[in-house]
>>> print(open('final_37.txt').read())   # compact mmCIF, C-alpha atoms
# COMPACT_ATOMS: atom_id res chain seq x y z
CA MET S 4 122.68 98.61 134.03
CA GLU S 5 120.07 98.01 136.71
CA LYS S 6 120.39 99.90 139.95
CA THR S 7 121.59 98.27 143.12
CA LEU S 8 119.33 99.02 146.08
CA THR S 9 119.73 98.43 149.77
CA TRP S 10 117.16 96.26 151.55
CA ASN S 11 115.70 99.32 153.27
CA GLU S 12 115.36 101.08 149.90
CA MET S 13 113.62 98.02 148.46
CA LYS S 14 111.09 98.03 151.32
CA THR S 15 110.37 101.71 150.71
CA ILE S 16 110.09 101.51 146.92
CA PHE S 17 108.22 98.18 146.75
CA PRO S 18 105.95 98.00 149.82
CA ASP S 19 104.02 94.76 150.35
CA GLU S 20 105.55 93.13 147.30
CA TRP S 21 107.46 89.97 146.49
CA LEU S 22 110.91 90.58 145.06
CA LEU S 23 113.37 88.50 143.07
CA ILE S 24 116.80 89.98 143.69
CA THR S 25 119.98 89.19 141.80
CA ASP S 26 123.58 90.33 142.14
CA PHE S 27 123.00 90.57 145.86
CA THR S 28 125.31 91.03 148.80
CA LEU S 29 124.76 89.29 152.11
CA ASP S 30 126.03 89.97 155.58
CA GLN S 31 127.87 87.33 157.59
CA SER S 32 124.58 85.87 158.81
CA GLY S 33 123.20 85.51 155.31
CA HIS S 34 120.82 88.47 155.53
CA LEU S 35 120.44 90.43 152.32
CA MET S 36 122.09 93.84 152.38
CA CYS S 37 121.66 95.03 148.80
CA GLY S 38 121.02 93.80 145.28
CA VAL S 39 119.24 94.35 142.00
CA VAL S 40 115.46 93.94 141.95
CA THR S 41 114.92 91.88 138.82
CA ARG S 42 111.25 91.07 139.34
CA HIS S 43 108.66 92.53 141.69
CA SER S 44 104.94 92.10 142.15
CA ILE S 45 102.23 91.90 144.79
CA ASP S 46 101.52 88.50 143.23
CA LYS S 47 104.01 85.89 144.39
CA ASP S 48 103.29 83.68 141.37
CA GLU S 49 104.41 86.46 139.04
CA VAL S 50 107.79 86.70 140.76
CA TYR S 51 108.32 82.92 140.93
CA ARG S 52 107.22 82.29 137.36
CA LEU S 53 109.27 80.08 135.10
CA PRO S 54 111.66 80.10 133.38
CA ALA S 55 114.01 80.67 136.28
CA ILE S 56 116.69 83.28 135.95
CA ASN S 57 120.01 81.55 135.40
CA LYS S 58 121.86 83.23 138.26
CA PRO S 59 121.73 83.16 142.06
CA SER S 60 118.51 84.78 143.25
CA ALA S 61 117.12 85.91 146.58
CA PHE S 62 113.39 86.00 147.24
CA LYS S 63 111.97 88.53 149.68
CA TYR S 64 108.61 89.82 150.82
CA THR S 65 108.56 93.43 151.96
CA GLY S 66 105.23 93.26 153.78
CA GLU S 67 104.29 92.06 157.23
CA SER S 68 104.06 88.30 157.51
CA THR S 69 100.71 86.84 158.52
CA PHE S 70 102.28 83.51 159.42
CA PRO S 71 99.98 82.11 162.11
CA GLY S 72 102.68 80.43 164.17
CA GLY S 73 103.07 76.89 165.33
CA TRP S 74 101.61 75.80 168.63
CA ARG S 75 99.84 79.11 169.10
CA ALA S 76 97.86 78.62 165.90
CA HIS S 77 97.18 75.03 166.86
CA ALA S 78 95.91 76.11 170.27
CA GLU S 79 93.75 78.86 168.84
CA HIS S 80 92.28 76.55 166.25
CA HIS S 81 91.35 74.00 168.87
CA HIS S 82 90.27 76.68 171.39
CA VAL S 83 92.84 75.55 173.95
CA MET T 28 133.82 76.15 165.50
CA PRO T 29 130.21 77.18 166.05
CA ASN T 30 128.57 79.52 163.57
CA ILE T 31 126.99 82.72 164.83
CA THR T 32 123.86 83.93 163.06
CA THR T 33 122.14 87.16 163.96
CA PHE T 34 118.40 87.70 163.82
CA ASN T 35 115.98 90.51 164.55
CA SER T 36 114.83 89.88 168.10
CA GLY T 37 112.10 92.49 167.63
CA ALA T 38 110.40 90.44 164.92
CA PRO T 39 107.58 88.08 165.89
CA TYR T 40 109.61 85.06 164.78
CA ILE T 41 113.22 84.11 164.20
CA TYR T 42 113.73 84.78 160.51
CA LEU T 43 116.70 83.10 158.87
CA SER T 44 117.99 82.76 155.35
CA ILE T 45 118.08 79.32 153.81
CA PHE T 46 120.10 78.63 150.67
CA VAL T 47 119.22 75.98 148.15
CA ALA T 48 121.45 74.78 145.33
CA ALA T 49 119.07 74.58 142.39
CA GLU T 50 119.07 71.89 139.74
CA ASN T 51 120.99 74.21 137.41
CA GLY T 52 123.64 74.90 140.05
CA SER T 53 122.49 78.38 141.02
CA LEU T 54 122.31 79.06 144.74
CA HIS T 55 119.00 80.62 145.68
CA GLU T 56 118.15 82.33 148.96
CA PHE T 57 114.73 81.96 150.56
CA ASP T 58 113.39 83.39 153.80
CA ALA T 59 112.57 80.92 156.53
CA ILE T 60 111.23 80.89 160.06
CA PHE T 61 112.85 78.79 162.75
CA ASP T 62 109.90 76.73 163.94
CA THR T 63 110.40 74.23 166.73
CA GLY T 64 106.78 73.20 166.23
CA ALA T 65 107.64 71.74 162.82
CA PRO T 66 108.92 68.15 163.04
CA ARG T 67 110.69 68.48 159.73
CA THR T 68 111.89 71.30 157.52
CA GLU T 69 109.28 72.39 154.99
CA PHE T 70 109.54 74.29 151.75
CA SER T 71 106.92 76.09 149.76
CA ASP T 72 106.05 74.36 146.54
CA SER T 73 106.53 77.56 144.58
CA ALA T 74 110.14 77.87 145.79
CA LEU T 75 110.87 74.23 144.95
CA GLN T 76 109.32 74.65 141.54
CA TYR T 77 111.45 77.70 140.82
CA ALA T 78 114.57 75.83 141.90
CA GLY T 79 113.68 72.99 139.54
CA PHE T 80 112.91 70.26 142.05
CA ILE T 81 109.23 69.84 141.27
CA SER T 82 107.42 70.34 138.00
CA GLY T 83 104.28 71.96 139.32
CA THR T 84 102.26 72.96 142.35
CA LYS T 85 99.01 71.47 143.53
CA PRO T 86 95.97 73.66 144.20
CA VAL T 87 95.32 73.49 147.93
CA ILE T 88 92.62 75.03 150.05
CA ILE T 89 94.03 75.80 153.46
CA LYS T 90 91.81 76.27 156.49
CA THR T 91 92.14 79.37 158.62
CA GLY T 92 94.30 78.87 161.69
CA LEU T 93 95.94 75.71 160.47
CA GLN T 94 99.59 75.47 159.64
CA SER T 95 101.13 74.74 156.27
CA GLN T 96 99.60 72.01 154.15
CA LYS T 97 102.15 69.32 153.44
CA TYR T 98 101.54 67.12 150.42
CA GLY T 99 104.86 65.56 149.49
CA LYS T 100 108.47 64.91 150.34
CA ILE T 101 111.62 65.62 148.42
CA VAL T 102 115.35 65.26 149.05
CA LEU T 103 117.36 68.42 148.54
CA PRO T 104 120.97 67.59 147.64
CA HIS T 105 122.55 70.75 149.04
CA ILE T 106 121.08 73.35 151.34
CA GLN T 107 122.70 75.77 153.72
CA ILE T 108 121.26 76.89 157.05
CA CYS T 109 123.10 79.16 159.46
CA GLY T 110 126.24 78.70 157.42
CA HIS T 111 126.13 74.91 157.63
CA LEU T 112 126.01 72.86 154.46
CA ILE T 113 123.49 70.04 154.77
CA GLU T 114 123.42 67.34 152.14
CA ASN T 115 120.49 65.19 151.10
CA LEU T 116 117.98 66.62 153.52
CA GLU T 117 114.47 65.26 153.12
CA VAL T 118 111.96 68.07 153.40
CA PHE T 119 108.22 68.41 153.14
CA VAL T 120 106.72 70.03 150.09
CA SER T 121 104.03 72.35 151.40
CA HIS T 122 101.55 74.93 150.34
CA PHE T 123 102.42 78.22 152.02
CA GLU T 124 99.99 81.09 152.11
CA LYS T 125 101.48 83.94 150.06
CA SER T 126 100.87 86.44 152.84
CA TRP T 127 103.18 84.50 155.14
CA GLY T 128 106.06 86.09 153.26
CA ILE T 129 108.32 83.08 153.69
CA ASP T 130 109.25 79.95 151.75
CA ALA T 131 110.47 77.58 154.42
CA LEU T 132 110.10 76.43 157.99
CA ILE T 133 113.26 75.17 159.64
CA GLY T 134 112.13 72.27 161.77
CA LEU T 135 113.36 69.89 164.41
CA ASP T 136 115.43 67.91 161.92
CA PHE T 137 117.88 70.81 162.03
CA LEU T 138 118.03 70.64 165.81
CA ARG T 139 118.74 66.91 165.61
CA GLN T 140 121.92 67.61 163.68
CA PHE T 141 123.15 70.73 165.42
CA LYS T 142 123.64 72.09 168.88
CA VAL T 143 121.74 75.36 168.87
CA GLU T 144 121.85 78.09 171.47
CA ILE T 145 119.66 81.17 171.22
CA ASP T 146 120.37 84.41 173.02
CA TYR T 147 117.13 86.20 172.29
CA SER T 148 118.07 89.38 174.09
CA LYS T 149 121.04 89.82 171.76
CA GLY T 150 119.42 88.33 168.66
CA ILE T 151 122.12 85.72 168.29
CA LEU T 152 121.75 82.08 167.31
CA THR T 153 124.84 79.92 167.77
CA SER T 154 124.94 76.57 166.00
CA ASP T 155 127.47 73.80 165.89
CA LYS T 156 127.45 70.44 164.16
CA LEU T 157 126.78 67.57 166.54
CA LEU T 158 129.20 64.71 166.35
CA ILE T 159 127.26 61.52 165.77
CA LEU T 160 129.28 58.45 166.57
CA THR T 161 128.56 55.35 164.56
CA LYS T 162 129.91 51.85 165.03
>>> encode(input="final_37.txt", output="structure tokens")
Amino acid sequence: MEKTLTWNEMKTIFPDEWLLITDFTLDQSGHLMCGVVTRHSIDKDEVYRLPAINKPSAFKYTGESTFPGGWRAHAEHHHV
Amino acid sequence: MPNITTFNSGAPYIYLSIFVAAENGSLHEFDAIFDTGAPRTEFSDSALQYAGFISGTKPVIIKTGLQSQKYGKIVLPHIQICGHLIENLEVFVSHFEKSWGIDALIGLDFLRQFKVEIDYSKGILTSDKLLILTK
């Protein structure tokens, strides 16, 4: 049986990776608390590959997001 | 009754979970950012492909500093945001950079349907369905 890990353990064991997590538990706000890491890779495509796993899955990235933001990115791009 | 959703106020954005009922009935959870700069909710094409709503992704070259690259629309029969079930929501299909670490942007279409209050100091988002009266 695969081991259930907490979200903090996942971040430590799989730094800067994409995770597909099954058999997960959420808190009341829908944030993942723990689960089984079924797939993991630094390559997102590898984790999202088909065929899909036929059970509820949560997808997480353990690294720092480089999302550029909304209006800030727009302003920076146009040198506002 | 309003729903209360917590978020990490120390993070650079408001990260929320968004749940999508896939074509096969499974409920998948994806990470999203609450983005009032997005007119409409957007999903990454890779997430939609996994959930069975699109058959493939398009190769897209995204320019530095620009936002997501939208290239289609799709209606999701059942999604859940902040504990609210939303049916038949039309969303943009977008290319998301992998390093963004997210699969969705929750846009203004959510705000049009819900009264949302944010207490940033406490990391609490309160949301309640707006009553829309029709003749």
>>> interface_residues(input="final_37.txt", of="chain S", to="chain T", cutoff="9 Å", atoms="only C-alpha atoms", output="PDB file with C-alpha atoms, in the coordinates of the input")
ATOM      1  CA  TRP S  21     107.460  89.970 146.490  1.00  0.00           C
ATOM      2  CA  GLN S  31     127.870  87.330 157.590  1.00  0.00           C
ATOM      3  CA  SER S  32     124.580  85.870 158.810  1.00  0.00           C
ATOM      4  CA  GLY S  33     123.200  85.510 155.310  1.00  0.00           C
ATOM      5  CA  HIS S  34     120.820  88.470 155.530  1.00  0.00           C
ATOM      6  CA  LEU S  35     120.440  90.430 152.320  1.00  0.00           C
ATOM      7  CA  ASP S  46     101.520  88.500 143.230  1.00  0.00           C
ATOM      8  CA  LYS S  47     104.010  85.890 144.390  1.00  0.00           C
ATOM      9  CA  ASP S  48     103.290  83.680 141.370  1.00  0.00           C
ATOM     10  CA  TYR S  51     108.320  82.920 140.930  1.00  0.00           C
ATOM     11  CA  ARG S  52     107.220  82.290 137.360  1.00  0.00           C
ATOM     12  CA  LEU S  53     109.270  80.080 135.100  1.00  0.00           C
ATOM     13  CA  PRO S  54     111.660  80.100 133.380  1.00  0.00           C
ATOM     14  CA  ALA S  55     114.010  80.670 136.280  1.00  0.00           C
ATOM     15  CA  ASN S  57     120.010  81.550 135.400  1.00  0.00           C
ATOM     16  CA  LYS S  58     121.860  83.230 138.260  1.00  0.00           C
ATOM     17  CA  PRO S  59     121.730  83.160 142.060  1.00  0.00           C
ATOM     18  CA  SER S  60     118.510  84.780 143.250  1.00  0.00           C
ATOM     19  CA  ALA S  61     117.120  85.910 146.580  1.00  0.00           C
ATOM     20  CA  PHE S  62     113.390  86.000 147.240  1.00  0.00           C
ATOM     21  CA  LYS S  63     111.970  88.530 149.680  1.00  0.00           C
ATOM     22  CA  TYR S  64     108.610  89.820 150.820  1.00  0.00           C
ATOM     23  CA  THR S  65     108.560  93.430 151.960  1.00  0.00           C
ATOM     24  CA  GLY S  66     105.230  93.260 153.780  1.00  0.00           C
ATOM     25  CA  GLU S  67     104.290  92.060 157.230  1.00  0.00           C
ATOM     26  CA  SER S  68     104.060  88.300 157.510  1.00  0.00           C
ATOM     27  CA  THR S  69     100.710  86.840 158.520  1.00  0.00           C
ATOM     28  CA  PHE S  70     102.280  83.510 159.420  1.00  0.00           C
ATOM     29  CA  PRO S  71      99.980  82.110 162.110  1.00  0.00           C
ATOM     30  CA  GLY S  72     102.680  80.430 164.170  1.00  0.00           C
ATOM     31  CA  GLY S  73     103.070  76.890 165.330  1.00  0.00           C
ATOM     32  CA  TRP S  74     101.610  75.800 168.630  1.00  0.00           C
ATOM     33  CA  ALA S  76      97.860  78.620 165.900  1.00  0.00           C
ATOM     34  CA  HIS S  77      97.180  75.030 166.860  1.00  0.00           C
ATOM     35  CA  GLU S  79      93.750  78.860 168.840  1.00  0.00           C
ATOM     36  CA  HIS S  80      92.280  76.550 166.250  1.00  0.00           C
TER      37      HIS S  80
END
>>> atom_distance(input="final_37.txt", atom1="CA of Phe119 in chain T", atom2="CA of Asp136 in chain T")
11.4 Å
>>> atom_distance(input="final_37.txt", atom1="CA of Lys149 in chain T", atom2="CA of Ser36 in chain T")
7.2 Å
>>> atom_distance(input="final_37.txt", atom1="CA of Val50 in chain S", atom2="CA of Met36 in chain S")
19.8 Å
>>> residues_around(input="final_37.txt", residues="Val118 in chain T", least_positions_apart="4", cutoff="8 Å", atoms="all atoms listed in the file", output="PyMOL selection string")
chain T and resi 67-70+100-103
>>> residues_around(input="final_37.txt", residues="Arg42 in chain S", least_positions_apart="4", cutoff="8 Å", atoms="only C-alpha atoms", output="JSON, numbers by chain")
{"S": [22, 23, 24, 50]}
>>> closest_residue(input="final_37.txt", among="T:Pro104, T:Pro29, T:Ser71, T:Gly99", to="Ala59 in chain T", atoms="all atoms listed in the file")
T:Ser71
>>> build_atoms(input="final_37.txt", residues="range 15-34 of chain S", atoms="N, CA and C atoms", output="mmCIF file, keeping the file's coordinate frame")
data_model
loop_
_atom_site.group_PDB
_atom_site.id
_atom_site.type_symbol
_atom_site.label_atom_id
_atom_site.label_comp_id
_atom_site.auth_asym_id
_atom_site.auth_seq_id
_atom_site.Cartn_x
_atom_site.Cartn_y
_atom_site.Cartn_z
ATOM 1 N N THR S 15 111.032 100.417 150.910
ATOM 2 C CA THR S 15 110.370 101.710 150.710
ATOM 3 C C THR S 15 109.774 101.816 149.302
ATOM 4 N N ILE S 16 110.517 101.359 148.313
ATOM 5 C CA ILE S 16 110.090 101.510 146.920
ATOM 6 C C ILE S 16 109.023 100.480 146.534
ATOM 7 N N PHE S 17 109.137 99.269 147.115
ATOM 8 C CA PHE S 17 108.220 98.180 146.750
ATOM 9 C C PHE S 17 107.478 97.660 147.990
ATOM 10 N N PRO S 18 106.634 98.466 148.598
ATOM 11 C CA PRO S 18 105.950 98.000 149.820
ATOM 12 C C PRO S 18 104.981 96.857 149.528
ATOM 13 N N ASP S 19 104.953 95.887 150.426
ATOM 14 C CA ASP S 19 104.020 94.760 150.350
ATOM 15 C C ASP S 19 104.125 94.001 149.025
ATOM 16 N N GLU S 20 105.338 93.855 148.553
ATOM 17 C CA GLU S 20 105.550 93.130 147.300
ATOM 18 C C GLU S 20 106.541 91.990 147.498
ATOM 19 N N TRP S 21 106.456 91.028 146.596
ATOM 20 C CA TRP S 21 107.460 89.970 146.490
ATOM 21 C C TRP S 21 108.545 90.458 145.542
ATOM 22 N N LEU S 22 109.783 90.144 145.889
ATOM 23 C CA LEU S 22 110.910 90.580 145.060
ATOM 24 C C LEU S 22 111.785 89.395 144.698
ATOM 25 N N LEU S 23 112.290 89.411 143.474
ATOM 26 C CA LEU S 23 113.370 88.500 143.070
ATOM 27 C C LEU S 23 114.590 89.389 142.882
ATOM 28 N N ILE S 24 115.621 89.112 143.639
ATOM 29 C CA ILE S 24 116.800 89.980 143.690
ATOM 30 C C ILE S 24 118.014 89.197 143.195
ATOM 31 N N THR S 25 118.746 89.813 142.300
ATOM 32 C CA THR S 25 119.980 89.190 141.800
ATOM 33 C C THR S 25 121.166 90.096 142.140
ATOM 34 N N ASP S 26 122.344 89.568 141.896
ATOM 35 C CA ASP S 26 123.580 90.330 142.140
ATOM 36 C C ASP S 26 123.573 90.931 143.543
ATOM 37 N N PHE S 27 123.212 90.094 144.489
ATOM 38 C CA PHE S 27 123.000 90.570 145.860
ATOM 39 C C PHE S 27 124.237 90.382 146.730
ATOM 40 N N THR S 28 124.253 91.146 147.788
ATOM 41 C CA THR S 28 125.310 91.030 148.800
ATOM 42 C C THR S 28 124.654 90.672 150.127
ATOM 43 N N LEU S 29 125.283 89.748 150.838
ATOM 44 C CA LEU S 29 124.760 89.290 152.110
ATOM 45 C C LEU S 29 125.699 89.680 153.236
ATOM 46 N N ASP S 30 125.143 89.781 154.441
ATOM 47 C CA ASP S 30 126.030 89.970 155.580
ATOM 48 C C ASP S 30 126.526 88.603 156.065
ATOM 49 N N GLN S 31 127.268 88.586 157.135
ATOM 50 C CA GLN S 31 127.870 87.330 157.590
ATOM 51 C C GLN S 31 126.848 86.313 158.055
ATOM 52 N N SER S 32 125.639 86.784 158.382
ATOM 53 C CA SER S 32 124.580 85.870 158.810
ATOM 54 C C SER S 32 123.683 85.441 157.662
ATOM 55 N N GLY S 33 123.992 85.901 156.461
ATOM 56 C CA GLY S 33 123.200 85.510 155.310
ATOM 57 C C GLY S 33 122.027 86.427 155.041
ATOM 58 N N HIS S 34 121.910 87.526 155.770
ATOM 59 C CA HIS S 34 120.820 88.470 155.530
ATOM 60 C C HIS S 34 121.185 89.367 154.346
#
